[in-house]
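Okay, structure first, notes after.
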Amino acid sequence: MAYISSYITALLLFFFVDMVWLSTMVSRLYKPTLGDMMADPMHIIPAVAFYLLYPVGLVIFAINPALKNGSISTALILGAMFGLFTYGTYNLTNQATLRNWSTGLTLTDMGWGCVLGAITAASAFWVTSKLAS
């Protein structure tokens, strides 16, 4: 049951918090840098796949280890690291291969991935811990 509750919590938090970020930053950061490289309209199926898959990684690599040792700081640190590594892989690959991708976009988005991973993992840990007690 802990796996299911931590996944659902992570899924909902990750999605909604990221939607707030994107609704604020697309016009300020992504669109000015990427311009006509951005899909309009967005491709829904890959987006849905990403939002369903990413929380699985957070559960496996951050939330479950934190639940095993009972430490929200473990969830926070491992969630931040997972976000840094995954967003870093995406951003650094894009910067290496796409003409318009900037260092500022890479650093900002990697920072966001780090913060989002930490917030999501720690919150899902907390909710799952409260449900289990």
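Identifiers in this document derive from the order of the structure tokens: chains are assigned A, B, ..., residues are numbered from 1 separately in each chain, and ligands are numbered from 1 in order of occurrence.
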Using only C-alpha atoms, which protein or nucleic acid residues come within 12 Å of Ile77 (chain A)? Drop anything in the same chain fewer than 4 positions from it, and give the result as a VMD selection string. chain A and resid 58 61 to 63 65 to 66 71 to 73 81 to 84 114 to 122
Excluding same-chain residues fewer than 6 positions from region 96-99 of chain A, what lies within 12 Å of it counting only C-alpha atoms, as a compact mmCIF listing (two decimals) with C-alpha atoms, in the first residue's frame?
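Here's the written file around_3.txt:
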# COMPACT_ATOMS: atom_id res chain seq x y z
CA THR A 33 14.92 30.76 -26.06
CA LEU A 34 13.39 28.03 -28.19
CA GLY A 35 11.06 30.07 -30.40
CA MET A 37 11.24 24.86 -32.01
CA GLY A 88 20.51 17.39 -16.26
CA THR A 89 20.51 14.51 -18.73
CA TYR A 90 17.69 16.14 -20.68
CA THR A 106 20.05 24.47 -18.96
Residue with smallest distance to Thr103 (chain A) - pool A:Lys130, A:Met38, A:Met19, A:Asn91, counting only C-alpha atoms: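 Ranking A:Lys130, A:Met38, A:Met19, A:Asn91 by distance to Thr103 (chain A), first place goes to A:Asn91.
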Work out how far CA of Phe15 (chain A) is from CA of Pro41 (chain A), in Å to one decimal. 18.7 Å
Here is a test: counting only C-alpha atoms, which residue of A:Leu105, A:Ala39, A:Ala47, A:Val59 is nearest to Asp18 (chain A)?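 Selected residue with least distance to Asp18 (chain A): A:Ala47.
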From the DSSP assignment of the backbone, select every residue of chain A that is alpha helix (DSSP H), and format the answer as a PDB file with N, CA and C atoms, in the first residue's frame.
ATOM      1  N   ALA A   2       2.034   1.214   0.640  1.00  0.00           N
ATOM      2  CA  ALA A   2       2.916   2.385   0.683  1.00  0.00           C
ATOM      3  C   ALA A   2       3.380   2.766  -0.716  1.00  0.00           C
ATOM      4  N   TYR A   3       3.625   1.757  -1.563  1.00  0.00           N
ATOM      5  CA  TYR A   3       4.060   2.058  -2.934  1.00  0.00           C
ATOM      6  C   TYR A   3       2.975   2.812  -3.690  1.00  0.00           C
ATOM      7  N   ILE A   4       1.753   2.369  -3.543  1.00  0.00           N
ATOM      8  CA  ILE A   4       0.643   2.991  -4.265  1.00  0.00           C
ATOM      9  C   ILE A   4       0.403   4.410  -3.761  1.00  0.00           C
ATOM     10  N   SER A   5       0.348   4.577  -2.449  1.00  0.00           N
ATOM     11  CA  SER A   5       0.088   5.925  -1.922  1.00  0.00           C
ATOM     12  C   SER A   5       1.239   6.877  -2.233  1.00  0.00           C
ATOM     13  N   SER A   6       2.477   6.389  -2.176  1.00  0.00           N
ATOM     14  CA  SER A   6       3.597   7.280  -2.495  1.00  0.00           C
ATOM     15  C   SER A   6       3.600   7.629  -3.987  1.00  0.00           C
ATOM     16  N   TYR A   7       3.231   6.676  -4.852  1.00  0.00           N
ATOM     17  CA  TYR A   7       3.161   6.970  -6.283  1.00  0.00           C
ATOM     18  C   TYR A   7       2.062   7.979  -6.590  1.00  0.00           C
ATOM     19  N   ILE A   8       0.868   7.749  -6.057  1.00  0.00           N
ATOM     20  CA  ILE A   8      -0.252   8.657  -6.335  1.00  0.00           C
ATOM     21  C   ILE A   8       0.047  10.058  -5.810  1.00  0.00           C
ATOM     22  N   THR A   9       0.586  10.140  -4.611  1.00  0.00           N
ATOM     23  CA  THR A   9       0.938  11.445  -4.052  1.00  0.00           C
ATOM     24  C   THR A   9       1.996  12.134  -4.904  1.00  0.00           C
ATOM     25  N   ALA A  10       3.039  11.387  -5.270  1.00  0.00           N
ATOM     26  CA  ALA A  10       4.100  11.963  -6.096  1.00  0.00           C
ATOM     27  C   ALA A  10       3.563  12.382  -7.458  1.00  0.00           C
ATOM     28  N   LEU A  11       2.723  11.560  -8.045  1.00  0.00           N
ATOM     29  CA  LEU A  11       2.144  11.879  -9.353  1.00  0.00           C
ATOM     30  C   LEU A  11       1.363  13.183  -9.308  1.00  0.00           C
ATOM     31  N   LEU A  12       0.474  13.308  -8.329  1.00  0.00           N
ATOM     32  CA  LEU A  12      -0.356  14.504  -8.232  1.00  0.00           C
ATOM     33  C   LEU A  12       0.470  15.746  -7.922  1.00  0.00           C
ATOM     34  N   LEU A  13       1.360  15.640  -6.950  1.00  0.00           N
ATOM     35  CA  LEU A  13       2.196  16.788  -6.595  1.00  0.00           C
ATOM     36  C   LEU A  13       3.103  17.205  -7.741  1.00  0.00           C
ATOM     37  N   PHE A  14       3.775  16.244  -8.334  1.00  0.00           N
ATOM     38  CA  PHE A  14       4.691  16.537  -9.429  1.00  0.00           C
ATOM     39  C   PHE A  14       3.963  17.245 -10.566  1.00  0.00           C
ATOM     40  N   PHE A  15       2.824  16.701 -10.956  1.00  0.00           N
ATOM     41  CA  PHE A  15       2.070  17.271 -12.062  1.00  0.00           C
ATOM     42  C   PHE A  15       1.607  18.693 -11.756  1.00  0.00           C
ATOM     43  N   PHE A  16       0.957  18.879 -10.612  1.00  0.00           N
ATOM     44  CA  PHE A  16       0.379  20.193 -10.319  1.00  0.00           C
ATOM     45  C   PHE A  16       1.443  21.264 -10.051  1.00  0.00           C
ATOM     46  N   VAL A  17       2.491  20.912  -9.350  1.00  0.00           N
ATOM     47  CA  VAL A  17       3.550  21.893  -9.094  1.00  0.00           C
ATOM     48  C   VAL A  17       4.262  22.244 -10.402  1.00  0.00           C
ATOM     49  N   ASP A  18       4.504  21.246 -11.249  1.00  0.00           N
ATOM     50  CA  ASP A  18       5.150  21.528 -12.527  1.00  0.00           C
ATOM     51  C   ASP A  18       4.251  22.360 -13.442  1.00  0.00           C
ATOM     52  N   MET A  19       2.949  22.171 -13.360  1.00  0.00           N
ATOM     53  CA  MET A  19       2.033  22.987 -14.165  1.00  0.00           C
ATOM     54  C   MET A  19       2.086  24.454 -13.745  1.00  0.00           C
ATOM     55  N   VAL A  20       2.234  24.701 -12.451  1.00  0.00           N
ATOM     56  CA  VAL A  20       2.380  26.086 -11.983  1.00  0.00           C
ATOM     57  C   VAL A  20       3.665  26.684 -12.562  1.00  0.00           C
ATOM     58  N   TRP A  21       4.766  25.934 -12.474  1.00  0.00           N
ATOM     59  CA  TRP A  21       6.039  26.383 -13.037  1.00  0.00           C
ATOM     60  C   TRP A  21       5.900  26.670 -14.532  1.00  0.00           C
ATOM     61  N   LEU A  22       5.365  25.720 -15.268  1.00  0.00           N
ATOM     62  CA  LEU A  22       5.270  25.881 -16.718  1.00  0.00           C
ATOM     63  C   LEU A  22       4.337  27.024 -17.115  1.00  0.00           C
ATOM     64  N   SER A  23       3.236  27.186 -16.384  1.00  0.00           N
ATOM     65  CA  SER A  23       2.315  28.273 -16.728  1.00  0.00           C
ATOM     66  C   SER A  23       2.962  29.639 -16.514  1.00  0.00           C
ATOM     67  N   THR A  24       3.931  29.696 -15.634  1.00  0.00           N
ATOM     68  CA  THR A  24       4.652  30.940 -15.366  1.00  0.00           C
ATOM     69  C   THR A  24       5.856  31.109 -16.283  1.00  0.00           C
ATOM     70  N   MET A  25       6.567  30.024 -16.559  1.00  0.00           N
ATOM     71  CA  MET A  25       7.880  30.137 -17.195  1.00  0.00           C
ATOM     72  C   MET A  25       7.912  29.891 -18.704  1.00  0.00           C
ATOM     73  N   LYS A  31       9.885  29.845 -24.350  1.00  0.00           N
ATOM     74  CA  LYS A  31       9.504  30.392 -25.658  1.00  0.00           C
ATOM     75  C   LYS A  31      10.534  31.393 -26.189  1.00  0.00           C
ATOM     76  N   PRO A  32      11.040  32.340 -25.384  1.00  0.00           N
ATOM     77  CA  PRO A  32      12.052  33.265 -25.905  1.00  0.00           C
ATOM     78  C   PRO A  32      13.339  32.561 -26.364  1.00  0.00           C
ATOM     79  N   THR A  33      13.695  31.474 -25.701  1.00  0.00           N
ATOM     80  CA  THR A  33      14.923  30.761 -26.057  1.00  0.00           C
ATOM     81  C   THR A  33      14.701  29.823 -27.230  1.00  0.00           C
ATOM     82  N   LEU A  34      13.594  29.095 -27.205  1.00  0.00           N
ATOM     83  CA  LEU A  34      13.389  28.032 -28.190  1.00  0.00           C
ATOM     84  C   LEU A  34      12.606  28.481 -29.414  1.00  0.00           C
ATOM     85  N   ILE A  44       0.526  15.596 -26.723  1.00  0.00           N
ATOM     86  CA  ILE A  44      -0.046  15.136 -25.454  1.00  0.00           C
ATOM     87  C   ILE A  44       0.463  13.759 -25.019  1.00  0.00           C
ATOM     88  N   ILE A  45       0.549  12.794 -25.908  1.00  0.00           N
ATOM     89  CA  ILE A  45       0.909  11.423 -25.513  1.00  0.00           C
ATOM     90  C   ILE A  45       2.289  11.356 -24.867  1.00  0.00           C
ATOM     91  N   PRO A  46       3.341  11.959 -25.444  1.00  0.00           N
ATOM     92  CA  PRO A  46       4.631  11.934 -24.738  1.00  0.00           C
ATOM     93  C   PRO A  46       4.587  12.677 -23.402  1.00  0.00           C
ATOM     94  N   ALA A  47       3.807  13.749 -23.329  1.00  0.00           N
ATOM     95  CA  ALA A  47       3.696  14.486 -22.063  1.00  0.00           C
ATOM     96  C   ALA A  47       3.038  13.617 -20.987  1.00  0.00           C
ATOM     97  N   VAL A  48       1.961  12.942 -21.337  1.00  0.00           N
ATOM     98  CA  VAL A  48       1.287  12.050 -20.390  1.00  0.00           C
ATOM     99  C   VAL A  48       2.232  10.931 -19.957  1.00  0.00           C
ATOM    100  N   ALA A  49       2.956  10.360 -20.902  1.00  0.00           N
ATOM    101  CA  ALA A  49       3.908   9.293 -20.572  1.00  0.00           C
ATOM    102  C   ALA A  49       4.965   9.794 -19.590  1.00  0.00           C
ATOM    103  N   PHE A  50       5.481  10.997 -19.820  1.00  0.00           N
ATOM    104  CA  PHE A  50       6.467  11.571 -18.902  1.00  0.00           C
ATOM    105  C   PHE A  50       5.896  11.733 -17.499  1.00  0.00           C
ATOM    106  N   TYR A  51       4.698  12.321 -17.401  1.00  0.00           N
ATOM    107  CA  TYR A  51       4.119  12.577 -16.083  1.00  0.00           C
ATOM    108  C   TYR A  51       3.709  11.303 -15.359  1.00  0.00           C
ATOM    109  N   LEU A  52       3.448  10.232 -16.066  1.00  0.00           N
ATOM    110  CA  LEU A  52       3.162   8.941 -15.423  1.00  0.00           C
ATOM    111  C   LEU A  52       4.445   8.217 -15.021  1.00  0.00           C
ATOM    112  N   LEU A  53       5.502   8.385 -15.797  1.00  0.00           N
ATOM    113  CA  LEU A  53       6.746   7.655 -15.571  1.00  0.00           C
ATOM    114  C   LEU A  53       7.656   8.300 -14.531  1.00  0.00           C
ATOM    115  N   TYR A  54       7.788   9.601 -14.555  1.00  0.00           N
ATOM    116  CA  TYR A  54       8.734  10.282 -13.674  1.00  0.00           C
ATOM    117  C   TYR A  54       8.489   9.965 -12.186  1.00  0.00           C
ATOM    118  N   PRO A  55       7.239   9.998 -11.704  1.00  0.00           N
ATOM    119  CA  PRO A  55       7.014   9.665 -10.291  1.00  0.00           C
ATOM    120  C   PRO A  55       7.412   8.232  -9.927  1.00  0.00           C
ATOM    121  N   VAL A  56       7.396   7.314 -10.887  1.00  0.00           N
ATOM    122  CA  VAL A  56       7.871   5.949 -10.621  1.00  0.00           C
ATOM    123  C   VAL A  56       9.339   6.014 -10.218  1.00  0.00           C
ATOM    124  N   GLY A  57      10.131   6.789 -10.942  1.00  0.00           N
ATOM    125  CA  GLY A  57      11.540   6.951 -10.598  1.00  0.00           C
ATOM    126  C   GLY A  57      11.728   7.571  -9.227  1.00  0.00           C
ATOM    127  N   LEU A  58      10.920   8.573  -8.905  1.00  0.00           N
ATOM    128  CA  LEU A  58      11.011   9.188  -7.572  1.00  0.00           C
ATOM    129  C   LEU A  58      10.681   8.183  -6.472  1.00  0.00           C
ATOM    130  N   ASN A  64      10.974   5.486  -1.543  1.00  0.00           N
ATOM    131  CA  ASN A  64      11.086   4.197  -0.857  1.00  0.00           C
ATOM    132  C   ASN A  64      12.331   4.096   0.018  1.00  0.00           C
ATOM    133  N   PRO A  65      13.513   4.529  -0.447  1.00  0.00           N
ATOM    134  CA  PRO A  65      14.662   4.512   0.473  1.00  0.00           C
ATOM    135  C   PRO A  65      14.425   5.359   1.720  1.00  0.00           C
ATOM    136  N   ALA A  66      13.738   6.473   1.564  1.00  0.00           N
ATOM    137  CA  ALA A  66      13.437   7.325   2.718  1.00  0.00           C
ATOM    138  C   ALA A  66      12.452   6.645   3.657  1.00  0.00           C
ATOM    139  N   LEU A  67      11.457   5.958   3.090  1.00  0.00           N
ATOM    140  CA  LEU A  67      10.494   5.235   3.935  1.00  0.00           C
ATOM    141  C   LEU A  67      11.190   4.110   4.697  1.00  0.00           C
ATOM    142  N   LYS A  68      12.160   3.460   4.075  1.00  0.00           N
ATOM    143  CA  LYS A  68      12.883   2.363   4.742  1.00  0.00           C
ATOM    144  C   LYS A  68      13.688   2.852   5.935  1.00  0.00           C
ATOM    145  N   ASN A  69      14.281   4.050   5.828  1.00  0.00           N
ATOM    146  CA  ASN A  69      15.048   4.538   6.982  1.00  0.00           C
ATOM    147  C   ASN A  69      14.316   5.598   7.789  1.00  0.00           C
ATOM    148  N   ILE A  72      12.764  11.998   6.355  1.00  0.00           N
ATOM    149  CA  ILE A  72      12.322  12.939   5.328  1.00  0.00           C
ATOM    150  C   ILE A  72      13.516  13.620   4.667  1.00  0.00           C
ATOM    151  N   SER A  73      14.623  13.782   5.401  1.00  0.00           N
ATOM    152  CA  SER A  73      15.809  14.392   4.791  1.00  0.00           C
ATOM    153  C   SER A  73      16.376  13.489   3.692  1.00  0.00           C
ATOM    154  N   THR A  74      16.253  12.176   3.844  1.00  0.00           N
ATOM    155  CA  THR A  74      16.665  11.254   2.777  1.00  0.00           C
ATOM    156  C   THR A  74      15.812  11.475   1.546  1.00  0.00           C
ATOM    157  N   ALA A  75      14.502  11.623   1.732  1.00  0.00           N
ATOM    158  CA  ALA A  75      13.607  11.880   0.601  1.00  0.00           C
ATOM    159  C   ALA A  75      13.968  13.196  -0.073  1.00  0.00           C
ATOM    160  N   LEU A  76      14.239  14.204   0.718  1.00  0.00           N
ATOM    161  CA  LEU A  76      14.586  15.523   0.188  1.00  0.00           C
ATOM    162  C   LEU A  76      15.884  15.472  -0.625  1.00  0.00           C
ATOM    163  N   ILE A  77      16.913  14.868  -0.067  1.00  0.00           N
ATOM    164  CA  ILE A  77      18.220  14.811  -0.734  1.00  0.00           C
ATOM    165  C   ILE A  77      18.175  13.924  -1.971  1.00  0.00           C
ATOM    166  N   LEU A  78      17.610  12.709  -1.837  1.00  0.00           N
ATOM    167  CA  LEU A  78      17.560  11.799  -2.980  1.00  0.00           C
ATOM    168  C   LEU A  78      16.620  12.318  -4.067  1.00  0.00           C
ATOM    169  N   GLY A  79      15.528  12.965  -3.665  1.00  0.00           N
ATOM    170  CA  GLY A  79      14.634  13.573  -4.653  1.00  0.00           C
ATOM    171  C   GLY A  79      15.324  14.688  -5.414  1.00  0.00           C
ATOM    172  N   ALA A  80      16.094  15.510  -4.707  1.00  0.00           N
ATOM    173  CA  ALA A  80      16.849  16.582  -5.357  1.00  0.00           C
ATOM    174  C   ALA A  80      17.891  16.010  -6.312  1.00  0.00           C
ATOM    175  N   MET A  81      18.573  14.970  -5.885  1.00  0.00           N
ATOM    176  CA  MET A  81      19.586  14.349  -6.751  1.00  0.00           C
ATOM    177  C   MET A  81      18.949  13.714  -7.981  1.00  0.00           C
ATOM    178  N   PHE A  82      17.821  13.022  -7.791  1.00  0.00           N
ATOM    179  CA  PHE A  82      17.122  12.422  -8.925  1.00  0.00           C
ATOM    180  C   PHE A  82      16.701  13.503  -9.916  1.00  0.00           C
ATOM    181  N   GLY A  83      16.152  14.597  -9.404  1.00  0.00           N
ATOM    182  CA  GLY A  83      15.761  15.706 -10.270  1.00  0.00           C
ATOM    183  C   GLY A  83      16.940  16.313 -10.990  1.00  0.00           C
ATOM    184  N   LEU A  84      18.050  16.492 -10.290  1.00  0.00           N
ATOM    185  CA  LEU A  84      19.250  17.051 -10.906  1.00  0.00           C
ATOM    186  C   LEU A  84      19.764  16.141 -12.014  1.00  0.00           C
ATOM    187  N   PHE A  85      19.845  14.845 -11.749  1.00  0.00           N
ATOM    188  CA  PHE A  85      20.387  13.913 -12.743  1.00  0.00           C
ATOM    189  C   PHE A  85      19.468  13.770 -13.955  1.00  0.00           C
ATOM    190  N   THR A  86      18.159  13.660 -13.718  1.00  0.00           N
ATOM    191  CA  THR A  86      17.249  13.457 -14.849  1.00  0.00           C
ATOM    192  C   THR A  86      17.090  14.730 -15.673  1.00  0.00           C
ATOM    193  N   TYR A  87      16.872  15.844 -15.017  1.00  0.00           N
ATOM    194  CA  TYR A  87      16.760  17.101 -15.752  1.00  0.00           C
ATOM    195  C   TYR A  87      18.106  17.481 -16.370  1.00  0.00           C
ATOM    196  N   GLY A  88      19.190  17.134 -15.700  1.00  0.00           N
ATOM    197  CA  GLY A  88      20.513  17.388 -16.256  1.00  0.00           C
ATOM    198  C   GLY A  88      20.756  16.591 -17.527  1.00  0.00           C
ATOM    199  N   THR A  89      20.360  15.336 -17.528  1.00  0.00           N
ATOM    200  CA  THR A  89      20.511  14.511 -18.728  1.00  0.00           C
ATOM    201  C   THR A  89      19.756  15.130 -19.895  1.00  0.00           C
ATOM    202  N   TYR A  90      18.526  15.525 -19.648  1.00  0.00           N
ATOM    203  CA  TYR A  90      17.694  16.137 -20.682  1.00  0.00           C
ATOM    204  C   TYR A  90      18.296  17.449 -21.187  1.00  0.00           C
ATOM    205  N   ASN A  91      18.609  18.336 -20.266  1.00  0.00           N
ATOM    206  CA  ASN A  91      19.075  19.673 -20.634  1.00  0.00           C
ATOM    207  C   ASN A  91      20.460  19.670 -21.259  1.00  0.00           C
ATOM    208  N   LEU A  92      21.381  18.915 -20.710  1.00  0.00           N
ATOM    209  CA  LEU A  92      22.732  18.882 -21.264  1.00  0.00           C
ATOM    210  C   LEU A  92      22.755  18.227 -22.644  1.00  0.00           C
ATOM    211  N   THR A  93      21.919  17.199 -22.841  1.00  0.00           N
ATOM    212  CA  THR A  93      21.808  16.595 -24.170  1.00  0.00           C
ATOM    213  C   THR A  93      21.246  17.607 -25.160  1.00  0.00           C
ATOM    214  N   ASN A  94      20.193  18.325 -24.744  1.00  0.00           N
ATOM    215  CA  ASN A  94      19.628  19.347 -25.628  1.00  0.00           C
ATOM    216  C   ASN A  94      20.635  20.453 -25.937  1.00  0.00           C
ATOM    217  N   GLN A  95      21.358  20.884 -24.925  1.00  0.00           N
ATOM    218  CA  GLN A  95      22.336  21.948 -25.159  1.00  0.00           C
ATOM    219  C   GLN A  95      23.446  21.470 -26.099  1.00  0.00           C
ATOM    220  N   ALA A  96      23.795  20.198 -26.016  1.00  0.00           N
ATOM    221  CA  ALA A  96      24.843  19.661 -26.885  1.00  0.00           C
ATOM    222  C   ALA A  96      24.373  19.492 -28.331  1.00  0.00           C
ATOM    223  N   THR A  97      23.055  19.320 -28.527  1.00  0.00           N
ATOM    224  CA  THR A  97      22.577  18.948 -29.861  1.00  0.00           C
ATOM    225  C   THR A  97      21.663  19.962 -30.533  1.00  0.00           C
ATOM    226  N   THR A 103      22.852  28.034 -22.160  1.00  0.00           N
ATOM    227  CA  THR A 103      23.356  27.661 -20.837  1.00  0.00           C
ATOM    228  C   THR A 103      22.404  28.137 -19.746  1.00  0.00           C
ATOM    229  N   GLY A 104      21.839  29.319 -19.926  1.00  0.00           N
ATOM    230  CA  GLY A 104      20.874  29.830 -18.938  1.00  0.00           C
ATOM    231  C   GLY A 104      19.663  28.939 -18.813  1.00  0.00           C
ATOM    232  N   LEU A 105      19.154  28.458 -19.947  1.00  0.00           N
ATOM    233  CA  LEU A 105      18.013  27.539 -19.918  1.00  0.00           C
ATOM    234  C   LEU A 105      18.406  26.236 -19.240  1.00  0.00           C
ATOM    235  N   THR A 106      19.575  25.715 -19.572  1.00  0.00           N
ATOM    236  CA  THR A 106      20.047  24.469 -18.958  1.00  0.00           C
ATOM    237  C   THR A 106      20.133  24.608 -17.445  1.00  0.00           C
ATOM    238  N   LEU A 107      20.790  25.644 -16.965  1.00  0.00           N
ATOM    239  CA  LEU A 107      20.984  25.811 -15.524  1.00  0.00           C
ATOM    240  C   LEU A 107      19.665  26.056 -14.791  1.00  0.00           C
ATOM    241  N   THR A 108      18.806  26.868 -15.378  1.00  0.00           N
ATOM    242  CA  THR A 108      17.517  27.149 -14.744  1.00  0.00           C
ATOM    243  C   THR A 108      16.664  25.890 -14.669  1.00  0.00           C
ATOM    244  N   ASP A 109      16.594  25.153 -15.765  1.00  0.00           N
ATOM    245  CA  ASP A 109      15.750  23.960 -15.792  1.00  0.00           C
ATOM    246  C   ASP A 109      16.325  22.851 -14.909  1.00  0.00           C
ATOM    247  N   MET A 110      17.634  22.716 -14.858  1.00  0.00           N
ATOM    248  CA  MET A 110      18.238  21.741 -13.946  1.00  0.00           C
ATOM    249  C   MET A 110      17.955  22.113 -12.488  1.00  0.00           C
ATOM    250  N   GLY A 111      18.041  23.400 -12.187  1.00  0.00           N
ATOM    251  CA  GLY A 111      17.703  23.847 -10.831  1.00  0.00           C
ATOM    252  C   GLY A 111      16.255  23.543 -10.499  1.00  0.00           C
ATOM    253  N   TRP A 112      15.375  23.783 -11.465  1.00  0.00           N
ATOM    254  CA  TRP A 112      13.961  23.473 -11.257  1.00  0.00           C
ATOM    255  C   TRP A 112      13.759  21.979 -11.027  1.00  0.00           C
ATOM    256  N   GLY A 113      14.417  21.141 -11.804  1.00  0.00           N
ATOM    257  CA  GLY A 113      14.296  19.694 -11.620  1.00  0.00           C
ATOM    258  C   GLY A 113      14.743  19.267 -10.238  1.00  0.00           C
ATOM    259  N   CYS A 114      15.799  19.890  -9.745  1.00  0.00           N
ATOM    260  CA  CYS A 114      16.320  19.600  -8.408  1.00  0.00           C
ATOM    261  C   CYS A 114      15.295  19.985  -7.333  1.00  0.00           C
ATOM    262  N   VAL A 115      14.747  21.178  -7.437  1.00  0.00           N
ATOM    263  CA  VAL A 115      13.754  21.657  -6.468  1.00  0.00           C
ATOM    264  C   VAL A 115      12.474  20.825  -6.553  1.00  0.00           C
ATOM    265  N   LEU A 116      12.004  20.581  -7.758  1.00  0.00           N
ATOM    266  CA  LEU A 116      10.761  19.820  -7.944  1.00  0.00           C
ATOM    267  C   LEU A 116      10.903  18.394  -7.431  1.00  0.00           C
ATOM    268  N   GLY A 117      12.033  17.750  -7.707  1.00  0.00           N
ATOM    269  CA  GLY A 117      12.264  16.399  -7.200  1.00  0.00           C
ATOM    270  C   GLY A 117      12.292  16.366  -5.679  1.00  0.00           C
ATOM    271  N   ALA A 118      12.951  17.349  -5.074  1.00  0.00           N
ATOM    272  CA  ALA A 118      13.046  17.407  -3.616  1.00  0.00           C
ATOM    273  C   ALA A 118      11.680  17.633  -2.976  1.00  0.00           C
ATOM    274  N   ILE A 119      10.938  18.609  -3.481  1.00  0.00           N
ATOM    275  CA  ILE A 119       9.607  18.916  -2.938  1.00  0.00           C
ATOM    276  C   ILE A 119       8.672  17.723  -3.080  1.00  0.00           C
ATOM    277  N   THR A 120       8.673  17.116  -4.250  1.00  0.00           N
ATOM    278  CA  THR A 120       7.763  16.004  -4.504  1.00  0.00           C
ATOM    279  C   THR A 120       8.109  14.807  -3.636  1.00  0.00           C
ATOM    280  N   ALA A 121       9.376  14.429  -3.582  1.00  0.00           N
ATOM    281  CA  ALA A 121       9.778  13.256  -2.795  1.00  0.00           C
ATOM    282  C   ALA A 121       9.522  13.456  -1.304  1.00  0.00           C
ATOM    283  N   ALA A 122       9.878  14.619  -0.786  1.00  0.00           N
ATOM    284  CA  ALA A 122       9.674  14.880   0.641  1.00  0.00           C
ATOM    285  C   ALA A 122       8.190  14.923   0.990  1.00  0.00           C
ATOM    286  N   SER A 123       7.391  15.543   0.136  1.00  0.00           N
ATOM    287  CA  SER A 123       5.946  15.605   0.397  1.00  0.00           C
ATOM    288  C   SER A 123       5.297  14.239   0.309  1.00  0.00           C
ATOM    289  N   ALA A 124       5.670  13.457  -0.693  1.00  0.00           N
ATOM    290  CA  ALA A 124       5.113  12.106  -0.825  1.00  0.00           C
ATOM    291  C   ALA A 124       5.550  11.225   0.340  1.00  0.00           C
ATOM    292  N   PHE A 125       6.788  11.390   0.788  1.00  0.00           N
ATOM    293  CA  PHE A 125       7.247  10.670   1.983  1.00  0.00           C
ATOM    294  C   PHE A 125       6.376  11.027   3.184  1.00  0.00           C
ATOM    295  N   TRP A 126       6.149  12.309   3.392  1.00  0.00           N
ATOM    296  CA  TRP A 126       5.373  12.770   4.542  1.00  0.00           C
ATOM    297  C   TRP A 126       3.945  12.222   4.500  1.00  0.00           C
ATOM    298  N   VAL A 127       3.284  12.329   3.351  1.00  0.00           N
ATOM    299  CA  VAL A 127       1.905  11.847   3.223  1.00  0.00           C
ATOM    300  C   VAL A 127       1.850  10.339   3.444  1.00  0.00           C
ATOM    301  N   THR A 128       2.767   9.613   2.815  1.00  0.00           N
ATOM    302  CA  THR A 128       2.772   8.155   2.953  1.00  0.00           C
ATOM    303  C   THR A 128       3.058   7.746   4.394  1.00  0.00           C
ATOM    304  N   SER A 129       3.950   8.444   5.060  1.00  0.00           N
ATOM    305  CA  SER A 129       4.249   8.153   6.471  1.00  0.00           C
ATOM    306  C   SER A 129       3.027   8.385   7.354  1.00  0.00           C
ATOM    307  N   LYS A 130       2.285   9.463   7.080  1.00  0.00           N
ATOM    308  CA  LYS A 130       1.082   9.765   7.874  1.00  0.00           C
ATOM    309  C   LYS A 130      -0.016   8.733   7.615  1.00  0.00           C
ATOM    310  N   LEU A 131      -0.152   8.284   6.396  1.00  0.00           N
ATOM    311  CA  LEU A 131      -1.159   7.265   6.072  1.00  0.00           C
ATOM    312  C   LEU A 131      -0.831   5.924   6.709  1.00  0.00           C
ATOM    313  N   ALA A 132       0.457   5.627   6.853  1.00  0.00           N
ATOM    314  CA  ALA A 132       0.892   4.355   7.411  1.00  0.00           C
ATOM    315  C   ALA A 132       0.770   4.317   8.933  1.00  0.00           C
TER     316      ALA A 132
END
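Nearest-residue note for Trp101 (chain A): choosing from A:Tyr30, A:Met1, A:Ile60, A:Gly70, the minimum distance belongs to A:Tyr30, counting only C-alpha atoms.
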